[in-house]
file entry_0.cif (mmCIF, C-alpha atoms)
data_work
#
loop_
_atom_site.label_atom_id
_atom_site.label_comp_id
_atom_site.auth_asym_id
_atom_site.auth_seq_id
_atom_site.Cartn_x
_atom_site.Cartn_y
_atom_site.Cartn_z
CA MET A 1 -21.13 3.00 13.75
CA ILE A 2 -18.95 3.64 10.69
CA THR A 3 -15.43 2.25 11.10
CA ILE A 4 -12.51 3.37 8.94
CA ALA A 5 -9.26 1.36 8.92
CA LEU A 6 -6.03 3.33 8.50
CA SER A 7 -2.33 2.69 9.03
CA LYS A 8 0.04 5.04 10.83
CA GLY A 9 2.45 7.31 9.04
CA ARG A 10 2.25 8.70 5.55
CA ILE A 11 -1.12 7.22 4.61
CA PHE A 12 -2.75 8.52 7.79
CA GLU A 13 -1.33 12.03 7.31
CA GLU A 14 -2.30 12.22 3.64
CA THR A 15 -5.80 10.89 4.38
CA LEU A 16 -6.54 13.69 6.89
CA PRO A 17 -7.56 16.28 4.22
CA LEU A 18 -9.89 13.72 2.65
CA LEU A 19 -11.51 12.99 6.01
CA ALA A 20 -11.84 16.74 6.62
CA ALA A 21 -13.66 17.12 3.30
CA ALA A 22 -16.19 14.59 4.59
CA GLY A 23 -16.49 16.52 7.87
CA ILE A 24 -14.47 13.98 9.87
CA VAL A 25 -11.75 15.10 12.30
CA PRO A 26 -9.89 12.52 14.45
CA ALA A 27 -10.00 13.18 18.19
CA GLU A 28 -6.33 12.20 18.53
CA ALA A 29 -3.29 11.56 16.36
CA PRO A 30 -2.14 7.91 16.40
CA GLU A 31 1.42 9.00 17.22
CA SER A 32 0.24 10.69 20.42
CA THR A 33 -1.75 7.78 21.81
CA ARG A 34 -1.50 4.01 22.22
CA LYS A 35 -5.20 3.61 21.48
CA LEU A 36 -6.01 1.47 18.47
CA ILE A 37 -9.56 2.81 18.23
CA ILE A 38 -9.75 6.59 17.84
CA GLY A 39 -12.95 8.58 18.02
CA THR A 40 -13.79 11.51 15.78
CA ASN A 41 -15.90 14.67 15.95
CA GLN A 42 -18.76 12.59 14.57
CA PRO A 43 -20.21 10.25 17.20
CA ASP A 44 -21.01 7.53 14.65
CA VAL A 45 -17.56 7.47 13.00
CA GLN A 46 -14.44 5.87 14.46
CA LEU A 47 -10.97 5.09 13.15
CA ILE A 48 -9.05 1.89 13.82
CA ILE A 49 -5.26 1.89 13.51
CA VAL A 50 -3.87 -1.31 11.97
CA ARG A 51 -0.81 -2.46 10.04
CA ALA A 52 -0.92 -1.35 6.41
CA SER A 53 -0.90 -4.97 5.24
CA ASP A 54 -3.93 -5.76 7.44
CA VAL A 55 -6.25 -3.01 6.18
CA PRO A 56 -7.78 -5.13 3.35
CA THR A 57 -8.44 -8.00 5.76
CA TYR A 58 -10.29 -5.80 8.28
CA VAL A 59 -12.42 -4.37 5.47
CA GLN A 60 -12.98 -7.71 3.74
CA TYR A 61 -14.41 -9.34 6.88
CA GLY A 62 -16.50 -6.33 7.89
CA ALA A 63 -14.49 -5.28 10.96
CA ALA A 64 -14.13 -1.96 9.11
CA ASP A 65 -16.52 -0.43 6.61
CA LEU A 66 -13.90 1.60 4.79
CA GLY A 67 -10.12 1.60 4.59
CA VAL A 68 -7.21 3.14 2.79
CA ALA A 69 -4.58 0.76 1.41
CA GLY A 70 -1.72 0.97 -1.06
CA LYS A 71 -2.09 -0.74 -4.40
CA ASP A 72 0.94 -2.86 -3.45
CA VAL A 73 -0.91 -4.22 -0.43
CA LEU A 74 -4.11 -4.83 -2.39
CA LEU A 75 -2.30 -6.75 -5.13
CA GLU A 76 -0.67 -9.00 -2.54
CA HIS A 77 -4.00 -9.47 -0.73
CA GLY A 78 -5.93 -10.21 -3.92
CA GLY A 79 -8.78 -7.78 -3.18
CA GLN A 80 -11.35 -10.49 -2.37
CA GLY A 81 -14.65 -9.10 -1.12
CA LEU A 82 -13.55 -5.50 -1.57
CA TYR A 83 -15.02 -2.67 -3.60
CA GLN A 84 -12.32 -0.26 -4.77
CA PRO A 85 -14.18 2.82 -6.00
CA LEU A 86 -11.43 5.37 -5.92
CA ASP A 87 -7.71 5.91 -6.43
CA LEU A 88 -6.98 8.56 -3.79
CA GLU A 89 -3.73 9.59 -5.51
CA ILE A 90 -1.87 9.72 -2.17
CA ALA A 91 1.25 8.04 -0.74
CA LYS A 92 2.68 7.73 -4.24
CA CYS A 93 5.79 5.67 -4.89
CA ALA A 94 6.94 2.93 -7.26
CA LEU A 95 7.58 -0.79 -7.02
CA MET A 96 11.10 -1.32 -8.35
CA VAL A 97 13.81 -3.90 -8.79
CA ALA A 98 17.05 -2.75 -7.17
CA THR A 99 20.52 -4.25 -7.00
CA GLN A 100 23.87 -3.44 -5.46
CA ASN A 101 25.70 -0.79 -7.46
CA GLY A 102 27.85 -2.55 -10.06
CA PHE A 103 25.76 -5.73 -10.36
CA ASP A 104 25.10 -6.53 -14.05
CA TYR A 105 21.35 -7.01 -13.82
CA GLU A 106 20.71 -6.74 -17.56
CA GLY A 107 23.47 -9.21 -18.25
CA ALA A 108 22.08 -11.70 -15.74
CA VAL A 109 18.62 -11.42 -17.29
CA LYS A 110 19.90 -11.87 -20.85
CA GLN A 111 22.04 -14.87 -19.90
CA GLY A 112 19.07 -16.57 -18.27
CA ALA A 113 20.79 -16.78 -14.89
CA ARG A 114 18.63 -17.90 -11.98
CA MET A 115 18.52 -15.02 -9.53
CA ARG A 116 17.62 -14.78 -5.88
CA ILE A 117 15.14 -11.96 -5.18
CA ALA A 118 14.38 -10.69 -1.68
CA THR A 119 11.00 -9.03 -1.21
CA LYS A 120 7.84 -8.91 0.85
CA TYR A 121 5.88 -8.48 -2.40
CA THR A 122 6.22 -12.09 -3.51
CA GLU A 123 3.08 -12.26 -5.65
CA GLN A 124 3.97 -9.18 -7.67
CA ALA A 125 7.61 -10.22 -8.01
CA LYS A 126 6.56 -13.70 -9.16
CA GLU A 127 4.22 -12.21 -11.77
CA HIS A 128 6.81 -9.70 -12.99
CA PHE A 129 9.66 -12.14 -13.49
CA ALA A 130 7.40 -14.85 -14.94
CA ALA A 131 6.22 -12.36 -17.60
CA LYS A 132 9.88 -11.71 -18.48
CA GLY A 133 10.70 -15.42 -18.56
CA VAL A 134 13.29 -14.96 -15.83
CA HIS A 135 13.84 -17.79 -13.34
CA VAL A 136 14.03 -16.55 -9.75
CA ASP A 137 14.07 -17.89 -6.22
CA LEU A 138 11.98 -15.60 -4.03
CA ILE A 139 13.10 -14.92 -0.46
CA LYS A 140 10.37 -13.48 1.75
CA LEU A 141 11.51 -10.64 4.00
CA TYR A 142 9.48 -8.16 6.04
CA GLY A 143 11.94 -5.30 6.46
CA SER A 144 15.48 -3.98 5.92
CA MET A 145 15.24 -5.21 2.34
CA GLU A 146 18.31 -3.22 1.29
CA LEU A 147 20.53 -5.42 3.45
CA ALA A 148 19.90 -8.58 1.43
CA PRO A 149 22.18 -7.84 -1.56
CA LEU A 150 24.88 -6.37 0.69
CA VAL A 151 25.38 -9.59 2.66
CA GLY A 152 24.88 -11.99 -0.24
CA LEU A 153 21.39 -13.16 0.68
CA ALA A 154 19.98 -12.04 -2.67
CA ASP A 155 21.06 -10.72 -6.06
CA ALA A 156 18.30 -8.13 -6.13
CA ILE A 157 15.31 -6.84 -4.20
CA VAL A 158 11.80 -5.82 -5.16
CA ASP A 159 10.63 -2.99 -2.95
CA LEU A 160 8.81 0.33 -2.85
CA VAL A 161 10.91 3.35 -3.77
CA SER A 162 9.88 6.91 -3.02
CA THR A 163 12.85 9.28 -3.09
CA GLY A 164 15.54 6.65 -3.55
CA GLY A 165 17.46 7.99 -0.56
CA THR A 166 17.58 4.67 1.30
CA LEU A 167 18.85 2.85 -1.79
CA LYS A 168 21.60 5.41 -2.32
CA ALA A 169 22.64 5.32 1.34
CA ASN A 170 23.13 1.55 1.03
CA ASN A 171 24.95 1.60 -2.34
CA LEU A 172 21.95 0.20 -4.22
CA VAL A 173 20.42 1.41 -7.50
CA ALA A 174 16.96 0.94 -9.00
CA VAL A 175 17.35 -1.05 -12.22
CA GLU A 176 13.76 -1.75 -13.29
CA HIS A 177 10.36 -0.17 -12.79
CA ILE A 178 7.52 -2.63 -12.14
CA ARG A 179 4.54 -0.34 -11.47
CA ASP A 180 3.50 2.96 -9.96
CA ILE A 181 1.82 2.70 -6.58
CA SER A 182 -0.74 4.93 -4.87
CA SER A 183 -3.35 4.35 -2.16
CA ARG A 184 -6.93 3.28 -2.83
CA LEU A 185 -10.17 3.64 -0.94
CA VAL A 186 -11.53 0.17 -0.19
CA VAL A 187 -15.09 -0.53 0.93
CA ASN A 188 -16.76 -3.60 2.38
CA GLN A 189 -19.39 -4.65 -0.15
CA SER A 190 -22.01 -5.55 2.45
CA SER A 191 -21.46 -2.28 4.31
CA LEU A 192 -21.99 -0.32 1.11
CA LYS A 193 -25.43 -1.91 0.76
CA LEU A 194 -26.49 -1.77 4.42
CA LYS A 195 -25.02 1.66 5.23
CA HIS A 196 -25.28 3.22 1.78
CA GLU A 197 -26.91 6.47 2.91
CA ARG A 198 -24.05 7.14 5.31
CA LEU A 199 -21.12 5.82 3.27
CA GLN A 200 -21.90 7.18 -0.19
CA PRO A 201 -21.63 10.87 0.84
CA MET A 202 -18.18 10.11 2.32
CA ILE A 203 -17.05 8.41 -0.87
CA ASP A 204 -18.40 11.33 -2.93
CA ALA A 205 -16.58 13.85 -0.70
CA PHE A 206 -13.33 11.95 -1.13
CA ALA A 207 -13.82 11.81 -4.91
CA THR A 208 -14.55 15.54 -5.15
CA THR A 209 -11.43 16.40 -3.15
CA VAL A 210 -9.22 14.11 -5.25
CA ALA A 211 -10.63 15.56 -8.48
CA ALA A 212 -10.06 19.13 -7.26
CA ARG A 213 -6.47 18.30 -6.32
CA LEU A 214 -5.75 16.72 -9.70
CA ALA A 215 -7.26 19.72 -11.49
CA LYS A 216 -4.63 21.93 -9.86
CA VAL A 217 -1.74 19.77 -11.05
#

call {"tool": "encode", "arguments": {"input": "entry_0.cif", "output": "structure tokens"}}
result
Amino acid sequence: MITIALSKGRIFEETLPLLAAAGIVPAEAPESTRKLIIGTNQPDVQLIIVRASDVPTYVQYGAADLGVAGKDVLLEHGGQGLYQPLDLEIAKCALMVATQNGFDYEGAVKQGARMRIATKYTEQAKEHFAAKGVHVDLIKLYGSMELAPLVGLADAIVDLVSTGGTLKANNLVAVEHIRDISSRLVVNQSSLKLKHERLQPMIDAFATTVAARLAKV
């Protein structure tokens, strides 16, 4: 059995054309079922639906052979035991620093003020501010990041930004770009050796589809 780990939402939807290129069609959509294991049109391929942050762990320990995870998740995880052969160029966004509109972020940085930063991306935030020589206290949150500056919990947040609509709705502005984010194909290293004849054609099909899409841009 080949097991592919995916998360619900945008990544799942944008992975569907890649699966189709490899001849894989899910039997059900995750939004229409409570099942966490979903069969496909291929009897030896199944999908497991997990939290986005858990995809690397399932693949690392061999509970899944393949997975699709954002670069943000992989950087926080560390990527141990994972082969990352392909940037799928899907679910694109950016990791940004954002503050409440009117907050003098540049001034605070220049003055060497110690800032409080709310984020679930603590490793990347730590690395970013350390490289700038900025002293920060990191506050770990798991959701509703935009609320933190509004109620005085933090001076700024580090979060993923796609359209910027949520920031604008909460009177926040992006003040610094950290890195662009897209989703990667991750493969269990042992699976790639033991199931190479089955996995490699899938990886090749994904790569061909990504290349064709980029050629049209």

call {"tool": "resolve_selection", "arguments": {"input": "entry_0.cif", "expression": "the PyMOL selection byres ((chain A and resi 140-156) around 9)", "output": "tab-separated table (two decimals) with C-alpha atoms, keeping the file's coordinate frame"}}
result
chain	number	residue	atom	x	y	z
A	97	VAL	CA	13.81	-3.90	-8.79
A	98	ALA	CA	17.05	-2.75	-7.17
A	99	THR	CA	20.52	-4.25	-7.00
A	100	GLN	CA	23.87	-3.44	-5.46
A	103	PHE	CA	25.76	-5.73	-10.36
A	105	TYR	CA	21.35	-7.01	-13.82
A	115	MET	CA	18.52	-15.02	-9.53
A	116	ARG	CA	17.62	-14.78	-5.88
A	117	ILE	CA	15.14	-11.96	-5.18
A	118	ALA	CA	14.38	-10.69	-1.68
A	119	THR	CA	11.00	-9.03	-1.21
A	120	LYS	CA	7.84	-8.91	0.85
A	121	TYR	CA	5.88	-8.48	-2.40
A	122	THR	CA	6.22	-12.09	-3.51
A	138	LEU	CA	11.98	-15.60	-4.03
A	139	ILE	CA	13.10	-14.92	-0.46
A	157	ILE	CA	15.31	-6.84	-4.20
A	158	VAL	CA	11.80	-5.82	-5.16
A	159	ASP	CA	10.63	-2.99	-2.95
A	166	THR	CA	17.58	4.67	1.30
A	167	LEU	CA	18.85	2.85	-1.79
A	170	ASN	CA	23.13	1.55	1.03
A	171	ASN	CA	24.95	1.60	-2.34
A	172	LEU	CA	21.95	0.20	-4.22

call {"tool": "closest_residue", "arguments": {"input": "entry_0.cif", "among": "A:Asn101, A:Gln124, A:Asn41, A:Ser32", "to": "Lys168 of chain A", "atoms": "all atoms listed in the file"}}
result
A:Asn101

call {"tool": "closest_residue", "arguments": {"input": "entry_0.cif", "among": "A:Gly70, A:Gly78, A:Pro201, A:Gly165", "to": "Ala91 of chain A", "atoms": "all atoms listed in the file"}}
result
A:Gly70

call {"tool": "residues_around", "arguments": {"input": "entry_0.cif", "residues": "Ser183 of chain A", "least_positions_apart": "4", "cutoff": "10 Å", "atoms": "all atoms listed in the file", "output": "PyMOL selection string"}}
result
chain A and resi 11+14-15+67-74+86-93

call {"tool": "resolve_selection", "arguments": {"input": "entry_0.cif", "expression": "the PyMOL selection byres ((chain A and resi 189) around 9)", "output": "ChimeraX atom specification"}}
result
/A:59-60,62,65,81-83,187-188,190-194

call {"tool": "resolve_selection", "arguments": {"input": "entry_0.cif", "expression": "the PyMOL selection byres ((chain A and resi 177-180) around 6)", "output": "PyMOL selection string"}}
result
chain A and resi 94-96+176+181

call {"tool": "atom_distance", "arguments": {"input": "entry_0.cif", "atom1": "atom CA of Thr57 of chain A", "atom2": "atom CA of Val45 of chain A"}}
result
19.4 Å

call {"tool": "closest_residue", "arguments": {"input": "entry_0.cif", "among": "A:Arg198, A:Arg10, A:Lys126, A:Gly112", "to": "Gln42 of chain A", "atoms": "all atoms listed in the file"}}
result
A:Arg198

call {"tool": "closest_residue", "arguments": {"input": "entry_0.cif", "among": "A:Leu75, A:Val55, A:Ile2, A:Ile24", "to": "His196 of chain A", "atoms": "only C-alpha atoms"}}
result
A:Ile2

call {"tool": "atom_distance", "arguments": {"input": "entry_0.cif", "atom1": "atom CA of Leu36 of chain A", "atom2": "atom CA of Val50 of chain A"}}
result
7.4 Å

call {"tool": "atom_distance", "arguments": {"input": "entry_0.cif", "atom1": "atom CA of Leu47 of chain A", "atom2": "atom CA of Pro17 of chain A"}}
result
14.7 Å

call {"tool": "closest_residue", "arguments": {"input": "entry_0.cif", "among": "A:Pro56, A:Gly9, A:His128, A:Val173", "to": "Leu185 of chain A", "atoms": "all atoms listed in the file"}}
result
A:Pro56

call {"tool": "residues_around", "arguments": {"input": "entry_0.cif", "residues": "segment 19-22 of chain A", "least_positions_apart": "6", "cutoff": "7 Å", "atoms": "only C-alpha atoms", "output": "VMD selection string"}}
result
chain A and resid 202 205 to 206 209

call {"tool": "closest_residue", "arguments": {"input": "entry_0.cif", "among": "A:Ala174, A:Leu214, A:Val25, A:Val109", "to": "Val134 of chain A", "atoms": "all atoms listed in the file"}}
result
A:Val109

call {"tool": "axis_aligned_box", "arguments": {"input": "entry_0.cif", "around": "segment 103-110 of chain A", "padding_each_side": "5 Å", "output": "JSON"}}
result
{"center_x": 22.2, "center_y": -8.8, "center_z": -15.6, "size_x": 17.1, "size_y": 16.1, "size_z": 20.5}

call {"tool": "decode", "arguments": {"input": "entry_0.cif", "residues": "segment 80-109 of chain A", "atoms": "N, CA and C atoms", "output": "PDB file, in the first residue's frame"}}
result
ATOM      1  N   GLN A  80      13.924  16.330   9.321  1.00  0.00           N
ATOM      2  CA  GLN A  80      14.698  15.130   9.621  1.00  0.00           C
ATOM      3  C   GLN A  80      14.076  13.905   8.953  1.00  0.00           C
ATOM      4  N   GLY A  81      14.922  13.102   8.322  1.00  0.00           N
ATOM      5  CA  GLY A  81      14.474  11.848   7.734  1.00  0.00           C
ATOM      6  C   GLY A  81      13.607  11.994   6.511  1.00  0.00           C
ATOM      7  N   LEU A  82      13.580  13.187   5.919  1.00  0.00           N
ATOM      8  CA  LEU A  82      12.711  13.426   4.777  1.00  0.00           C
ATOM      9  C   LEU A  82      13.519  13.750   3.525  1.00  0.00           C
ATOM     10  N   TYR A  83      13.072  13.210   2.413  1.00  0.00           N
ATOM     11  CA  TYR A  83      13.619  13.564   1.109  1.00  0.00           C
ATOM     12  C   TYR A  83      12.640  14.556   0.494  1.00  0.00           C
ATOM     13  N   GLN A  84      13.150  15.685   0.041  1.00  0.00           N
ATOM     14  CA  GLN A  84      12.295  16.736  -0.525  1.00  0.00           C
ATOM     15  C   GLN A  84      12.676  16.959  -1.991  1.00  0.00           C
ATOM     16  N   PRO A  85      12.164  16.107  -2.878  1.00  0.00           N
ATOM     17  CA  PRO A  85      12.626  16.149  -4.266  1.00  0.00           C
ATOM     18  C   PRO A  85      12.038  17.249  -5.122  1.00  0.00           C
ATOM     19  N   LEU A  86      10.955  17.884  -4.650  1.00  0.00           N
ATOM     20  CA  LEU A  86      10.234  18.734  -5.583  1.00  0.00           C
ATOM     21  C   LEU A  86       9.465  19.860  -4.888  1.00  0.00           C
ATOM     22  N   ASP A  87       9.680  21.088  -5.387  1.00  0.00           N
ATOM     23  CA  ASP A  87       8.824  22.209  -5.009  1.00  0.00           C
ATOM     24  C   ASP A  87       7.620  22.149  -5.937  1.00  0.00           C
ATOM     25  N   LEU A  88       6.432  21.925  -5.387  1.00  0.00           N
ATOM     26  CA  LEU A  88       5.237  21.745  -6.204  1.00  0.00           C
ATOM     27  C   LEU A  88       4.654  23.071  -6.695  1.00  0.00           C
ATOM     28  N   GLU A  89       5.181  24.176  -6.181  1.00  0.00           N
ATOM     29  CA  GLU A  89       4.744  25.509  -6.630  1.00  0.00           C
ATOM     30  C   GLU A  89       3.238  25.720  -6.423  1.00  0.00           C
ATOM     31  N   ILE A  90       2.709  25.176  -5.317  1.00  0.00           N
ATOM     32  CA  ILE A  90       1.290  25.363  -4.999  1.00  0.00           C
ATOM     33  C   ILE A  90       1.157  25.983  -3.611  1.00  0.00           C
ATOM     34  N   ALA A  91      -0.065  26.446  -3.304  1.00  0.00           N
ATOM     35  CA  ALA A  91      -0.373  27.059  -2.001  1.00  0.00           C
ATOM     36  C   ALA A  91       0.640  28.151  -1.661  1.00  0.00           C
ATOM     37  N   LYS A  92       0.895  29.018  -2.616  1.00  0.00           N
ATOM     38  CA  LYS A  92       1.910  30.058  -2.441  1.00  0.00           C
ATOM     39  C   LYS A  92       1.412  31.181  -1.520  1.00  0.00           C
ATOM     40  N   CYS A  93       2.318  31.662  -0.708  1.00  0.00           N
ATOM     41  CA  CYS A  93       2.056  32.795   0.170  1.00  0.00           C
ATOM     42  C   CYS A  93       3.413  33.312   0.639  1.00  0.00           C
ATOM     43  N   ALA A  94       3.428  34.150   1.649  1.00  0.00           N
ATOM     44  CA  ALA A  94       4.689  34.684   2.155  1.00  0.00           C
ATOM     45  C   ALA A  94       4.656  34.748   3.669  1.00  0.00           C
ATOM     46  N   LEU A  95       5.800  34.509   4.279  1.00  0.00           N
ATOM     47  CA  LEU A  95       5.937  34.668   5.728  1.00  0.00           C
ATOM     48  C   LEU A  95       6.360  36.118   5.973  1.00  0.00           C
ATOM     49  N   MET A  96       5.543  36.844   6.739  1.00  0.00           N
ATOM     50  CA  MET A  96       5.743  38.278   6.899  1.00  0.00           C
ATOM     51  C   MET A  96       5.711  38.687   8.376  1.00  0.00           C
ATOM     52  N   VAL A  97       6.316  39.829   8.631  1.00  0.00           N
ATOM     53  CA  VAL A  97       6.137  40.504   9.913  1.00  0.00           C
ATOM     54  C   VAL A  97       5.022  41.529   9.707  1.00  0.00           C
ATOM     55  N   ALA A  98       4.074  41.566  10.621  1.00  0.00           N
ATOM     56  CA  ALA A  98       2.979  42.537  10.521  1.00  0.00           C
ATOM     57  C   ALA A  98       2.758  43.200  11.870  1.00  0.00           C
ATOM     58  N   THR A  99       2.341  44.451  11.818  1.00  0.00           N
ATOM     59  CA  THR A  99       2.074  45.214  13.040  1.00  0.00           C
ATOM     60  C   THR A  99       0.747  45.944  12.896  1.00  0.00           C
ATOM     61  N   GLN A 100       0.287  46.489  14.004  1.00  0.00           N
ATOM     62  CA  GLN A 100      -0.908  47.329  13.952  1.00  0.00           C
ATOM     63  C   GLN A 100      -0.578  48.589  13.152  1.00  0.00           C
ATOM     64  N   ASN A 101      -1.516  49.026  12.357  1.00  0.00           N
ATOM     65  CA  ASN A 101      -1.329  50.224  11.540  1.00  0.00           C
ATOM     66  C   ASN A 101      -0.952  51.406  12.444  1.00  0.00           C
ATOM     67  N   GLY A 102       0.156  52.059  12.110  1.00  0.00           N
ATOM     68  CA  GLY A 102       0.613  53.194  12.912  1.00  0.00           C
ATOM     69  C   GLY A 102       1.771  52.875  13.836  1.00  0.00           C
ATOM     70  N   PHE A 103       2.049  51.600  14.069  1.00  0.00           N
ATOM     71  CA  PHE A 103       3.179  51.222  14.928  1.00  0.00           C
ATOM     72  C   PHE A 103       4.486  51.478  14.182  1.00  0.00           C
ATOM     73  N   ASP A 104       5.436  52.148  14.803  1.00  0.00           N
ATOM     74  CA  ASP A 104       6.713  52.498  14.161  1.00  0.00           C
ATOM     75  C   ASP A 104       7.684  51.322  14.271  1.00  0.00           C
ATOM     76  N   TYR A 105       7.500  50.357  13.398  1.00  0.00           N
ATOM     77  CA  TYR A 105       8.329  49.150  13.432  1.00  0.00           C
ATOM     78  C   TYR A 105       9.791  49.476  13.131  1.00  0.00           C
ATOM     79  N   GLU A 106      10.030  50.250  12.076  1.00  0.00           N
ATOM     80  CA  GLU A 106      11.401  50.587  11.707  1.00  0.00           C
ATOM     81  C   GLU A 106      12.087  51.352  12.827  1.00  0.00           C
ATOM     82  N   GLY A 107      11.356  52.244  13.453  1.00  0.00           N
ATOM     83  CA  GLY A 107      11.925  52.995  14.561  1.00  0.00           C
ATOM     84  C   GLY A 107      12.288  52.105  15.730  1.00  0.00           C
ATOM     85  N   ALA A 108      11.417  51.154  16.039  1.00  0.00           N
ATOM     86  CA  ALA A 108      11.675  50.228  17.150  1.00  0.00           C
ATOM     87  C   ALA A 108      12.911  49.385  16.874  1.00  0.00           C
ATOM     88  N   VAL A 109      13.054  48.953  15.613  1.00  0.00           N
ATOM     89  CA  VAL A 109      14.221  48.135  15.241  1.00  0.00           C
ATOM     90  C   VAL A 109      15.500  48.958  15.351  1.00  0.00           C
TER      91      VAL A 109
END
